[in-house]
Structure formats: structure tokens, C-alpha cells
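Colleague: First the structure, then my questions, so here it is.
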Amino acid sequence: MPRYLRVRIVTPEREAAERRAGMLMFLTLAALAVQAIGTIHLSLSLRSEHYPQAAVGAACAVLGAWAGLYVDARSRRRPFRTGRFLLSASLSLAFGLTIGLR
């Protein structure tokens, strides 16, 4: 009984598109990780009353929000949306504050 192998022909354009998609996914996940780490660091430092460290956590959360939305805007070839940035940054800071001040 003959066996058939599936063969996928990959063009250089398709290979470049897959490489861009992989890089986009990596950059998006890295930005989300920076934002999450900043939020967690903010909440933990507020809980232990280390306010300079809380500022570092807040800066990381804002930087992660900016990087994620910048990568999204560049990948879709659209302008950077300031409203989404403000919403994302304020939500992450609000989560950090509510967790840290409990």
C-alpha cells in the first residue's frame, strides 16, 4: 500500500511572512510580560511600603503598555492610538494599586 507524504512548498514571501508573524508574537508577549511584571512589582512594593520601588513598577507597567500598543500599531500599519495606551496603562496601574493597598 503506497504512503503519501504531504509536501508544503514555501515561497520566500511566505517564509518572510511567517518570520514576521513569529517576531510579532514574541514582541507582543514580551511587552505583555513587562507590563505584568511591572504591575506585580508595583503591588508587592506598595504592600511592603517601598515607594521608590513602586515607582519602578509603575514605570515598567507603563513601558509595557506602550511597547505592546506600539508593536500592534506597527504590525497593522496604523497610527498609534493614544486612547488605548491611556486605558491600558491606567488599568494596569489601577490593578497594581488595588492589589497593593489591600
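Ligands are numbered from 1 in the order shown, chains are lettered A, B, ... in the order of the C-alpha cells, and residues start at 1 in each chain.
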Write out as a PyMOL selection string the residues lying within 9 Å of range 94-97 of chain A, counting only C-alpha atoms and excluding same-chain residues fewer than 2 positions away.

Modeller: chain A and resi 38-44+46+57-58+89-92+99-102

Colleague: Pick out the closest residue to Ser88 in chain A from this set: A:Ala73, A:Ala30, A:Leu5, A:Ala61. Count only C-alpha atoms.

Modeller: A:Ala61

Colleague: Give me the range 53-85 of chain A side of the contact with range 16-22 of chain A, cut-off 12 Å, one line per residue showing its nearest atom pair and distance in Å at one decimal, counting only C-alpha atoms, sorted by chain and residue number, as JSON lines.

Modeller:
```
{"residue": "A:Val71", "atom": "CA", "partner": "A:Ala21", "partner_atom": "CA", "distance": 11.6}
{"residue": "A:Asp72", "atom": "CA", "partner": "A:Ala21", "partner_atom": "CA", "distance": 11.6}
{"residue": "A:Arg74", "atom": "CA", "partner": "A:Arg20", "partner_atom": "CA", "distance": 11.6}
{"residue": "A:Ser75", "atom": "CA", "partner": "A:Arg20", "partner_atom": "CA", "distance": 8.9}
{"residue": "A:Arg76", "atom": "CA", "partner": "A:Ala21", "partner_atom": "CA", "distance": 11.4}
```

Colleague: For the helix (DSSP H, G or I) assignment from backbone DSSP, which residues of chain A qualify? Please present them as JSON, numbers by chain.

Modeller: {"A": [12, 13, 14, 15, 16, 17, 18, 19, 20, 21, 22, 23, 24, 25, 26, 27, 28, 29, 30, 31, 32, 33, 34, 35, 36, 37, 38, 39, 40, 41, 42, 43, 44, 45, 46, 47, 51, 52, 53, 54, 55, 56, 57, 58, 59, 60, 61, 62, 63, 64, 65, 66, 67, 68, 69, 70, 71, 72, 73, 74, 75, 76, 82, 83, 84, 85, 86, 87, 88, 89, 90, 91, 92, 93, 94, 95, 96, 97, 98, 99, 100]}

Colleague: Can you work out which one of A:Ala54, A:Ala31, A:Cys60, A:Leu69 has the shortest atom-to-atom distance to Leu86 in chain A, counting only C-alpha atoms?

Modeller: A:Leu69

Colleague: Quick one: everything within 8 Å of Leu32 in chain A, counting only C-alpha atoms, minus sequence neighbours fewer than 2 positions away in the same chain. Send it as a count of residues only.

Modeller: 9

Colleague: Give me, please, the distance in Å between CA of Ile37 in chain A and CA of Ala55 in chain A, quoted to one decimal.

Modeller: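 Taking CA of Ile37 in chain A as the start and CA of Ala55 in chain A as the end point, the length is 13.0 Å.
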